[in-house]
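Everything below belongs to start_1.txt, which stores compact mmCIF, C-alpha atoms.
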# COMPACT_ATOMS: atom_id res chain seq x y z
CA MET A 137 7.59 -7.27 -28.97
CA ALA A 138 7.17 -6.23 -25.33
CA GLU A 139 4.95 -3.23 -24.57
CA PRO A 140 6.87 -0.11 -23.45
CA GLY A 141 5.48 -0.41 -19.90
CA ASN A 142 6.50 -4.08 -19.64
CA ARG A 143 9.92 -3.33 -21.14
CA ARG A 144 10.46 -0.66 -18.50
CA ARG A 145 9.44 -3.12 -15.80
CA LEU A 146 11.87 -5.74 -17.17
CA VAL A 147 14.72 -3.20 -17.16
CA ARG A 148 13.85 -2.17 -13.62
CA ALA A 149 13.66 -5.82 -12.52
CA ALA A 150 17.11 -6.43 -14.02
CA ILE A 151 18.51 -3.34 -12.24
CA GLY A 152 16.84 -4.50 -9.01
CA ALA A 153 18.38 -7.97 -9.39
CA VAL A 154 21.88 -6.50 -9.84
CA VAL A 155 21.44 -4.08 -6.92
CA GLY A 156 20.08 -6.95 -4.77
CA LEU A 157 23.05 -9.13 -5.70
CA VAL A 158 25.53 -6.39 -4.81
CA LEU A 159 23.73 -5.61 -1.53
CA GLY A 160 23.51 -9.31 -0.64
CA PHE A 161 27.18 -9.85 -1.44
CA GLY A 162 28.13 -6.76 0.57
CA ALA A 163 25.99 -7.91 3.51
CA GLY A 164 27.65 -11.35 3.36
CA GLN A 165 31.12 -9.79 3.29
CA ALA A 166 30.20 -7.59 6.25
CA GLY A 167 29.29 -10.72 8.24
CA LEU A 168 25.53 -10.06 8.40
CA PHE A 169 24.60 -13.67 7.69
CA ASP A 170 26.97 -15.02 10.37
CA TRP A 171 25.45 -12.48 12.76
CA LEU A 172 21.91 -13.62 11.82
CA GLU A 173 22.81 -17.26 12.49
CA GLY A 174 23.12 -16.46 16.18
CA LEU A 175 19.48 -15.29 16.35
CA PRO A 176 16.33 -17.34 16.98
CA GLY A 177 14.12 -18.04 13.94
CA GLU A 178 11.47 -15.39 14.73
CA ASP A 179 14.18 -12.73 15.10
CA ILE A 180 15.71 -13.71 11.75
CA ALA A 181 12.25 -13.39 10.17
CA SER A 182 11.54 -9.98 11.74
CA THR A 183 15.03 -8.71 10.88
CA THR A 184 14.56 -9.81 7.26
CA LEU A 185 11.15 -8.13 7.17
CA ALA A 186 12.69 -4.99 8.68
CA GLY A 187 15.34 -5.06 5.94
CA ILE A 188 12.62 -5.17 3.26
CA LEU A 189 10.72 -2.27 4.91
CA LEU A 190 13.95 -0.30 5.23
CA LEU A 191 14.73 -0.65 1.52
CA LEU A 192 11.13 0.22 0.54
CA GLY A 193 11.21 3.27 2.82
CA LEU A 194 14.54 4.48 1.44
CA PHE A 195 13.26 3.99 -2.11
CA ALA A 196 10.14 6.04 -1.31
CA LEU A 197 12.18 8.84 0.30
CA VAL A 198 14.60 9.04 -2.63
CA ALA A 199 11.71 9.03 -5.16
CA ALA A 200 9.93 11.75 -3.16
CA SER A 201 13.00 13.96 -2.90
CA SER A 202 12.29 15.76 -6.21
CA ARG A 203 9.72 15.88 -8.99
CA THR A 204 12.33 14.69 -11.49
CA LEU A 205 13.20 11.62 -9.45
CA TYR A 206 9.50 10.93 -8.81
CA ARG A 207 8.83 11.00 -12.56
CA ARG A 208 11.70 8.55 -13.14
CA MET A 209 11.19 6.23 -10.20
CA ALA A 210 7.45 6.01 -9.47
CA GLU A 211 6.17 2.88 -11.19
CA ASN A 212 2.69 4.33 -11.69
CA TYR A 213 3.68 7.81 -12.91
CA ARG A 214 2.52 8.72 -16.41
CA GLU A 215 3.22 11.98 -18.23
CA GLY A 216 0.52 14.52 -17.36
CA ASP A 217 -0.29 13.03 -13.94
CA PRO A 218 -1.10 15.56 -11.22
CA LEU A 219 2.23 16.10 -9.47
CA ASP A 220 1.94 18.83 -6.87
CA GLY A 221 3.60 19.06 -3.47
CA SER A 222 0.91 16.91 -1.86
CA VAL A 223 1.87 13.88 -3.99
CA LEU A 224 5.50 14.13 -2.87
CA ARG A 225 4.48 14.79 0.74
CA TYR A 226 2.26 11.68 0.70
CA LEU A 227 5.10 9.51 -0.61
CA ARG A 228 7.58 11.08 1.85
CA ALA A 229 5.26 10.38 4.78
CA SER A 230 4.78 6.78 3.55
CA GLY A 231 8.57 6.40 3.35
CA VAL A 232 8.99 7.62 6.93
CA VAL A 233 6.25 5.21 8.12
CA LEU A 234 8.10 2.32 6.42
CA LEU A 235 11.43 3.35 7.98
CA LEU A 236 9.82 3.63 11.42
CA SER A 237 8.27 0.17 10.98
CA ALA A 238 11.73 -1.19 10.18
CA VAL A 239 13.27 0.44 13.27
CA LEU A 240 10.43 -0.82 15.50
CA LEU A 241 10.87 -4.34 14.16
CA LEU A 242 14.63 -4.25 14.58
CA ALA A 243 14.81 -2.72 18.07
CA PRO A 244 13.68 -5.64 20.29
CA PRO A 245 15.80 -8.39 18.64
CA LEU A 246 18.82 -6.06 18.59
CA ALA A 247 18.30 -5.14 22.24
CA VAL A 248 18.15 -8.83 23.18
CA ARG A 249 21.12 -9.69 20.96
CA TYR A 250 23.25 -7.04 22.67
CA GLY A 251 22.10 -8.11 26.12
CA LEU A 252 20.23 -4.93 27.09
CA THR A 253 18.33 -5.54 30.33
CA GLY A 254 16.93 -3.51 33.24
CA ASP A 255 17.10 0.27 32.71
CA ALA A 256 18.56 -0.10 29.21
CA ALA A 257 15.60 -2.30 28.17
CA ILE A 258 13.19 0.24 29.69
CA ALA A 259 14.91 3.02 27.72
CA VAL A 260 14.48 0.96 24.49
CA ALA A 261 10.78 0.39 25.32
CA ALA A 262 10.28 4.13 25.99
CA GLY A 263 11.97 5.04 22.72
CA MET A 264 9.80 2.54 20.87
CA ALA A 265 6.63 3.92 22.50
CA ALA A 266 7.57 7.43 21.32
CA LEU A 267 8.29 6.19 17.77
CA LEU A 268 5.05 4.20 17.72
CA ALA A 269 3.04 7.26 18.79
CA PHE A 270 4.67 9.35 16.04
CA GLN A 271 4.08 6.58 13.46
CA THR A 272 0.42 6.27 14.47
CA TRP A 273 -0.06 10.04 14.09
CA LEU A 274 1.67 9.93 10.68
CA ASN A 275 -0.50 6.98 9.57
CA LEU A 276 -3.65 8.85 10.55
CA ARG A 277 -2.44 11.92 8.66
CA ILE A 278 -1.75 9.81 5.56
CA MET A 279 -5.21 8.25 5.84
CA ARG A 280 -6.85 11.71 6.17
CA THR A 281 -4.96 13.37 3.32
CA SER A 282 -4.90 10.52 0.77
CA ASP A 283 -7.54 10.27 -1.95
CA GLU A 284 -10.50 7.92 -1.77
CA LEU A 285 -8.94 5.07 -3.79
CA SER A 286 -5.95 4.91 -1.42
CA ARG A 287 -8.26 5.02 1.59
CA ALA A 288 -10.41 2.23 0.12
CA ALA A 289 -7.30 0.08 -0.52
CA MET A 290 -6.05 0.69 3.06
CA ALA A 291 -9.43 -0.20 4.54
CA GLU A 292 -9.67 -3.30 2.35
CA ALA A 293 -6.18 -4.43 3.38
CA SER A 294 -7.00 -3.91 7.05
CA VAL A 295 -10.22 -5.93 6.82
CA ALA A 296 -8.61 -8.77 4.82
CA SER A 297 -5.61 -8.91 7.20
CA PHE A 298 -7.88 -9.00 10.23
CA TRP A 299 -9.94 -11.83 8.72
CA LEU A 300 -6.85 -13.87 7.75
CA LEU A 301 -5.15 -13.35 11.11
CA GLN A 302 -8.31 -14.09 13.08
CA LEU A 303 -8.78 -17.31 11.11
CA GLY A 304 -5.14 -18.37 11.47
CA LEU A 305 -4.95 -17.39 15.12
CA PHE A 306 -8.12 -19.24 16.00
CA GLY A 307 -7.00 -22.36 14.12
CA TRP A 308 -3.54 -22.39 15.70
CA ALA A 309 -4.83 -21.53 19.19
CA ALA A 310 -7.40 -24.34 19.02
CA LEU A 311 -4.78 -26.86 17.90
CA ALA A 312 -2.34 -25.65 20.58
CA ARG A 313 -5.09 -25.97 23.22
CA LEU A 314 -5.60 -29.56 22.09
CA GLY A 315 -1.88 -30.18 22.42
CA LEU A 316 -1.48 -30.89 18.71
CA VAL A 317 0.89 -28.01 17.87
CA ALA A 318 3.39 -25.91 19.84
CA GLU A 319 2.51 -22.59 21.46
CA VAL A 320 3.71 -19.59 19.48
CA GLY A 321 5.48 -16.60 21.04
CA MET A 322 4.18 -13.02 20.89
CA TRP A 323 7.08 -11.83 18.74
CA THR A 324 6.44 -14.59 16.18
CA LEU A 325 2.75 -13.61 16.02
CA MET A 326 3.66 -9.95 15.58
CA THR A 327 6.13 -10.77 12.80
CA ILE A 328 3.53 -12.93 11.02
CA SER A 329 0.85 -10.23 11.33
CA THR A 330 3.22 -7.57 9.90
CA ALA A 331 4.20 -9.85 7.01
CA ILE A 332 0.56 -10.67 6.26
CA TYR A 333 -0.44 -6.99 6.31
CA LEU A 334 2.45 -6.13 3.97
CA VAL A 335 1.49 -8.84 1.44
CA VAL A 336 -2.25 -8.10 1.66
CA SER A 337 -1.63 -4.35 1.18
CA ILE A 338 0.37 -4.99 -1.98
CA VAL A 339 -2.28 -7.39 -3.34
CA SER A 340 -5.05 -4.90 -2.53
CA ALA A 341 -3.18 -2.05 -4.26
CA LEU A 342 -2.57 -4.28 -7.31
CA ARG A 343 -6.23 -5.33 -7.48
CA ARG A 344 -7.33 -1.70 -7.37
CA GLY A 345 -4.93 -0.81 -10.17
CA MET A 346 -2.85 1.54 -8.02
CA PHE A 347 0.35 0.54 -9.83
CA ALA A 348 -1.21 1.14 -13.25
CA MET B 245 -19.74 -1.21 -11.95
CA LYS B 246 -19.63 -0.75 -15.73
CA ASN B 247 -19.35 2.86 -16.81
CA ARG B 248 -18.86 5.20 -19.76
CA LEU B 249 -16.24 7.36 -18.11
CA ARG B 250 -13.50 6.61 -20.66
CA VAL B 251 -15.81 7.53 -23.56
CA LEU B 252 -17.08 10.72 -21.90
CA ARG B 253 -13.54 11.75 -20.98
CA ALA B 254 -12.31 11.17 -24.55
CA GLU B 255 -15.26 13.16 -25.94
CA ALA B 256 -14.35 16.03 -23.60
CA GLY B 257 -10.72 15.85 -24.75
CA LEU B 258 -9.40 15.27 -21.24
CA SER B 259 -6.55 12.97 -20.24
CA GLN B 260 -6.87 10.84 -17.08
CA GLY B 261 -4.39 13.24 -15.46
CA ASP B 262 -6.45 16.32 -16.48
CA LEU B 263 -9.64 14.84 -15.05
CA ALA B 264 -7.85 13.75 -11.88
CA GLY B 265 -6.52 17.29 -11.46
CA LEU B 266 -10.02 18.78 -11.86
CA LEU B 267 -11.45 16.39 -9.27
CA GLY B 268 -8.54 16.53 -6.80
CA VAL B 269 -7.88 12.77 -6.93
CA SER B 270 -4.99 10.71 -8.27
CA ARG B 271 -4.88 9.53 -11.89
CA GLN B 272 -4.91 5.97 -10.50
CA THR B 273 -8.40 6.66 -9.11
CA ILE B 274 -9.69 7.68 -12.54
CA ASN B 275 -7.95 4.69 -14.12
CA ALA B 276 -9.39 2.32 -11.50
CA VAL B 277 -12.94 3.63 -12.12
CA GLU B 278 -12.57 3.35 -15.90
CA THR B 279 -11.31 -0.23 -15.67
CA ASP B 280 -14.09 -1.29 -13.24
CA LYS B 281 -11.59 -1.88 -10.44
CA TYR B 282 -13.12 0.70 -8.16
CA ASP B 283 -16.63 2.10 -7.69
CA PRO B 284 -16.29 5.77 -6.72
CA SER B 285 -17.97 7.32 -3.70
CA LEU B 286 -21.27 9.13 -4.25
CA PRO B 287 -19.63 12.61 -3.89
CA LEU B 288 -17.05 11.71 -6.57
CA ALA B 289 -19.77 10.31 -8.86
CA MET B 290 -21.74 13.56 -8.41
CA ARG B 291 -18.67 15.62 -9.31
CA LEU B 292 -18.12 13.49 -12.43
CA SER B 293 -21.72 14.09 -13.37
CA LYS B 294 -21.27 17.87 -12.96
CA ILE B 295 -18.03 17.94 -14.96
CA PHE B 296 -19.54 16.11 -17.93
CA GLY B 297 -22.97 17.75 -17.58
CA VAL B 298 -24.83 14.44 -17.67
CA PRO B 299 -26.86 12.56 -15.03
CA ILE B 300 -25.05 9.93 -12.95
CA ASP B 301 -26.91 7.10 -14.69
CA ALA B 302 -25.50 8.30 -18.02
CA ILE B 303 -22.02 7.60 -16.63
CA PHE B 304 -22.57 4.46 -14.53
CA LEU B 305 -24.54 1.62 -16.08
CA ASP B 306 -26.71 -0.58 -13.93
CA ASP B 307 -29.00 -3.18 -15.47
CA TRP B 308 -30.85 -3.84 -12.22
CA ILE B 309 -34.62 -3.59 -12.59
CA PRO B 310 -36.63 -2.94 -9.44
CA PRO B 311 -39.16 -5.69 -8.60
CA GLU B 312 -42.78 -4.80 -9.00
CA ARG B 313 -44.26 -3.51 -5.78
CA PRO B 314 -47.34 -5.37 -4.54
CA HIS B 315 -50.47 -3.25 -4.85
CA GLY B 316 -52.01 -2.58 -1.45
Just give me the structure as structure tokens.
Amino acid sequence: MAEPGNRRRLVRAAIGAVVGLVLGFGAGQAGLFDWLEGLPGEDIASTTLAGILLLLGLFALVAASSRTLYRRMAENYREGDPLDGSVLRYLRASGVVLLLSAVLLLAPPLAVRYGLTGDAAIAVAAGMAALLAFQTWLNLRIMRTSDELSRAAMAEASVASFWLLQLGLFGWAALARLGLVAEVGMWTLMTISTAIYLVVSIVSALRRGMFA
Amino acid sequence: MKNRLRVLRAEAGLSQGDLAGLLGVSRQTINAVETDKYDPSLPLAMRLSKIFGVPIDAIFLDDWIPPERPHG
């Protein structure tokens, strides 16, 4: 017989699968996949990553909208856990950071796709700079106000990501210099680094028992 | 690092959430310390020691023995 925690996870996974199926079907009907086909590979990857961040951010914002929803939706909530305003504020800020990451990832490919050049491209860049500044401030605030386990997990994820990216970048750059592999564009590198940081953060949080 | 936090907490009749609330950290932090997934900072270890009224080395177990110092 499955443990209550595992049973709850199975039910949530089943709900997630159904929601994913409906969303995927809806996106297909709306022509999203045809639209994606017109994009270069790195833009498809960053758009997909942005979609994942968008859904995670929306989930966090909905869960942080009330204590009742937080109790129902937060995977690691157990009865009796401290649940004051700061917990919800932390999750809300994390949700906004995720949404901003999604927007920042989507903006350049969308701008290129819709042929924005000259002043319009400069306006997109200026908007992105403003969003990036706000996101950086929010990230620093999250880092300052979170408890020491969260800070340790963030620091660990940053160090591991840096090490992995440095290793991969050096290896690829050396091979490219020797003419053995193709050069890689900046946008591809940025998409890879974001994806690696996302995966490493989740692994770090799991290792530290933050979902327990 | 191995520790006796779970035992001390049970003896004090506190849940992980209660202890987390007293210390101003998340329950996940207490859980991670109890399951040896996270070694707390020195300030947090000191606060644990004060809450349970025992020295730090009665909470955290370290079998390291210092090498004998050469006599000068």
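With only C-alpha atoms as the basis for measurement, A:Tyr213 is the residue among A:Tyr333, A:Tyr213, A:Trp323, A:Phe298 that approaches chain B most closely.
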**OP:** For chain B, report every residue with an atom at most 10 Å from chain A (counting all atoms listed in the file), formatted as a PyMOL selection string.
**Re:** chain B and resi 259-266+268-277+279-285+288
Quick one: write out the picked residues with C-alpha atoms as a PDB file, keeping the file's coordinate frame?
ATOM      1  CA  SER B 259      -6.550  12.970 -20.240  1.00  0.00           C
ATOM      2  CA  GLN B 260      -6.870  10.840 -17.080  1.00  0.00           C
ATOM      3  CA  GLY B 261      -4.390  13.240 -15.460  1.00  0.00           C
ATOM      4  CA  ASP B 262      -6.450  16.320 -16.480  1.00  0.00           C
ATOM      5  CA  LEU B 263      -9.640  14.840 -15.050  1.00  0.00           C
ATOM      6  CA  ALA B 264      -7.850  13.750 -11.880  1.00  0.00           C
ATOM      7  CA  GLY B 265      -6.520  17.290 -11.460  1.00  0.00           C
ATOM      8  CA  LEU B 266     -10.020  18.780 -11.860  1.00  0.00           C
ATOM      9  CA  GLY B 268      -8.540  16.530  -6.800  1.00  0.00           C
ATOM     10  CA  VAL B 269      -7.880  12.770  -6.930  1.00  0.00           C
ATOM     11  CA  SER B 270      -4.990  10.710  -8.270  1.00  0.00           C
ATOM     12  CA  ARG B 271      -4.880   9.530 -11.890  1.00  0.00           C
ATOM     13  CA  GLN B 272      -4.910   5.970 -10.500  1.00  0.00           C
ATOM     14  CA  THR B 273      -8.400   6.660  -9.110  1.00  0.00           C
ATOM     15  CA  ILE B 274      -9.690   7.680 -12.540  1.00  0.00           C
ATOM     16  CA  ASN B 275      -7.950   4.690 -14.120  1.00  0.00           C
ATOM     17  CA  ALA B 276      -9.390   2.320 -11.500  1.00  0.00           C
ATOM     18  CA  VAL B 277     -12.940   3.630 -12.120  1.00  0.00           C
ATOM     19  CA  THR B 279     -11.310  -0.230 -15.670  1.00  0.00           C
ATOM     20  CA  ASP B 280     -14.090  -1.290 -13.240  1.00  0.00           C
ATOM     21  CA  LYS B 281     -11.590  -1.880 -10.440  1.00  0.00           C
ATOM     22  CA  TYR B 282     -13.120   0.700  -8.160  1.00  0.00           C
ATOM     23  CA  ASP B 283     -16.630   2.100  -7.690  1.00  0.00           C
ATOM     24  CA  PRO B 284     -16.290   5.770  -6.720  1.00  0.00           C
ATOM     25  CA  SER B 285     -17.970   7.320  -3.700  1.00  0.00           C
ATOM     26  CA  LEU B 288     -17.050  11.710  -6.570  1.00  0.00           C
TER      27      LEU B 288
END
Subject >> Residues near B:Lys246, cut-off 8 Å, all atoms listed in the file, skip fewer than 6 positions along chain, as a ChimeraX atom specification >> reply: /B:280,304-306
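One finds atom CA of A:Ala293 at 28.8 Å from atom CA of B:Ile300.
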Original post:
With all atoms listed in the file as the basis for distance, which of A:Glu292, A:Asp255, A:Glu173, A:Asp179 is at the shortest distance from A:Leu325?
Top reply: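 Nearest to A:Leu325: A:Asp179.
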Original post:
What separation in Å, quoted to one decimal, exists between atom CA of A:Leu240 and atom CA of A:Ala186?
Top reply: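 It comes out at 8.3 Å.
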Subject >> Residue among A:Ile338, A:Ile180, A:Leu236, A:Leu191 lying closest to A:Gly152, counting only C-alpha atoms >> reply: A:Leu191
Which polymer residues, whether protein, DNA or RNA, lie within 10 Å of the coordinate (13.6, -8.6, 10.9) when you count all atoms listed in the file? List them as a tab-separated table (two decimals) with C-alpha atoms, in the frame of the given file, using the chain letters and numbers from the file.
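This is the output file point_22.tsv:
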chain	number	residue	atom	x	y	z
A	172	LEU	CA	21.91	-13.62	11.82
A	177	GLY	CA	14.12	-18.04	13.94
A	178	GLU	CA	11.47	-15.39	14.73
A	179	ASP	CA	14.18	-12.73	15.10
A	180	ILE	CA	15.71	-13.71	11.75
A	181	ALA	CA	12.25	-13.39	10.17
A	182	SER	CA	11.54	-9.98	11.74
A	183	THR	CA	15.03	-8.71	10.88
A	184	THR	CA	14.56	-9.81	7.26
A	185	LEU	CA	11.15	-8.13	7.17
A	186	ALA	CA	12.69	-4.99	8.68
A	187	GLY	CA	15.34	-5.06	5.94
A	188	ILE	CA	12.62	-5.17	3.26
A	189	LEU	CA	10.72	-2.27	4.91
A	238	ALA	CA	11.73	-1.19	10.18
A	239	VAL	CA	13.27	0.44	13.27
A	240	LEU	CA	10.43	-0.82	15.50
A	241	LEU	CA	10.87	-4.34	14.16
A	242	LEU	CA	14.63	-4.25	14.58
A	243	ALA	CA	14.81	-2.72	18.07
A	244	PRO	CA	13.68	-5.64	20.29
A	245	PRO	CA	15.80	-8.39	18.64
A	246	LEU	CA	18.82	-6.06	18.59
A	327	THR	CA	6.13	-10.77	12.80
**OP:** Figure out the distance between atom CA of A:Gly160 and atom CA of A:Ser201, please, to one decimal in Å.
**Re:** 25.6 Å
Could you rebuild stretch 180-192 of chain A with N, CA, C and O atoms and give it back as a PDB file, keeping the file's coordinate frame?
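Heads up, here's the output in rebuild00.pdb:
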ATOM      1  N   ILE A 180      15.183 -13.737  13.123  1.00  0.00           N
ATOM      2  CA  ILE A 180      15.710 -13.710  11.750  1.00  0.00           C
ATOM      3  C   ILE A 180      14.610 -13.233  10.809  1.00  0.00           C
ATOM      4  O   ILE A 180      14.812 -12.381   9.941  1.00  0.00           O
ATOM      5  N   ALA A 181      13.385 -13.781  11.024  1.00  0.00           N
ATOM      6  CA  ALA A 181      12.250 -13.390  10.170  1.00  0.00           C
ATOM      7  C   ALA A 181      11.945 -11.913  10.312  1.00  0.00           C
ATOM      8  O   ALA A 181      11.772 -11.193   9.315  1.00  0.00           O
ATOM      9  N   SER A 182      11.893 -11.403  11.558  1.00  0.00           N
ATOM     10  CA  SER A 182      11.540  -9.980  11.740  1.00  0.00           C
ATOM     11  C   SER A 182      12.664  -9.075  11.246  1.00  0.00           C
ATOM     12  O   SER A 182      12.396  -7.997  10.709  1.00  0.00           O
ATOM     13  N   THR A 183      13.920  -9.528  11.380  1.00  0.00           N
ATOM     14  CA  THR A 183      15.030  -8.710  10.880  1.00  0.00           C
ATOM     15  C   THR A 183      14.999  -8.650   9.347  1.00  0.00           C
ATOM     16  O   THR A 183      15.235  -7.591   8.757  1.00  0.00           O
ATOM     17  N   THR A 184      14.674  -9.788   8.724  1.00  0.00           N
ATOM     18  CA  THR A 184      14.560  -9.810   7.260  1.00  0.00           C
ATOM     19  C   THR A 184      13.436  -8.884   6.796  1.00  0.00           C
ATOM     20  O   THR A 184      13.587  -8.092   5.857  1.00  0.00           O
ATOM     21  N   LEU A 185      12.301  -8.984   7.498  1.00  0.00           N
ATOM     22  CA  LEU A 185      11.150  -8.130   7.170  1.00  0.00           C
ATOM     23  C   LEU A 185      11.521  -6.651   7.354  1.00  0.00           C
ATOM     24  O   LEU A 185      11.177  -5.797   6.513  1.00  0.00           O
ATOM     25  N   ALA A 186      12.256  -6.372   8.424  1.00  0.00           N
ATOM     26  CA  ALA A 186      12.690  -4.990   8.680  1.00  0.00           C
ATOM     27  C   ALA A 186      13.597  -4.509   7.543  1.00  0.00           C
ATOM     28  O   ALA A 186      13.499  -3.357   7.112  1.00  0.00           O
ATOM     29  N   GLY A 187      14.452  -5.411   7.048  1.00  0.00           N
ATOM     30  CA  GLY A 187      15.340  -5.060   5.940  1.00  0.00           C
ATOM     31  C   GLY A 187      14.533  -4.679   4.696  1.00  0.00           C
ATOM     32  O   GLY A 187      14.840  -3.694   4.011  1.00  0.00           O
ATOM     33  N   ILE A 188      13.475  -5.454   4.418  1.00  0.00           N
ATOM     34  CA  ILE A 188      12.620  -5.170   3.260  1.00  0.00           C
ATOM     35  C   ILE A 188      11.942  -3.800   3.435  1.00  0.00           C
ATOM     36  O   ILE A 188      11.928  -2.965   2.528  1.00  0.00           O
ATOM     37  N   LEU A 189      11.397  -3.553   4.636  1.00  0.00           N
ATOM     38  CA  LEU A 189      10.720  -2.270   4.910  1.00  0.00           C
ATOM     39  C   LEU A 189      11.692  -1.109   4.815  1.00  0.00           C
ATOM     40  O   LEU A 189      11.348  -0.034   4.301  1.00  0.00           O
ATOM     41  N   LEU A 190      12.914  -1.339   5.279  1.00  0.00           N
ATOM     42  CA  LEU A 190      13.950  -0.300   5.230  1.00  0.00           C
ATOM     43  C   LEU A 190      14.248   0.089   3.786  1.00  0.00           C
ATOM     44  O   LEU A 190      14.294   1.273   3.440  1.00  0.00           O
ATOM     45  N   LEU A 191      14.421  -0.928   2.925  1.00  0.00           N
ATOM     46  CA  LEU A 191      14.730  -0.650   1.520  1.00  0.00           C
ATOM     47  C   LEU A 191      13.546   0.056   0.833  1.00  0.00           C
ATOM     48  O   LEU A 191      13.737   1.005   0.066  1.00  0.00           O
ATOM     49  N   LEU A 192      12.316  -0.420   1.136  1.00  0.00           N
ATOM     50  CA  LEU A 192      11.130   0.220   0.540  1.00  0.00           C
ATOM     51  C   LEU A 192      11.021   1.674   0.995  1.00  0.00           C
ATOM     52  O   LEU A 192      10.726   2.575   0.202  1.00  0.00           O
TER      53      LEU A 192
END
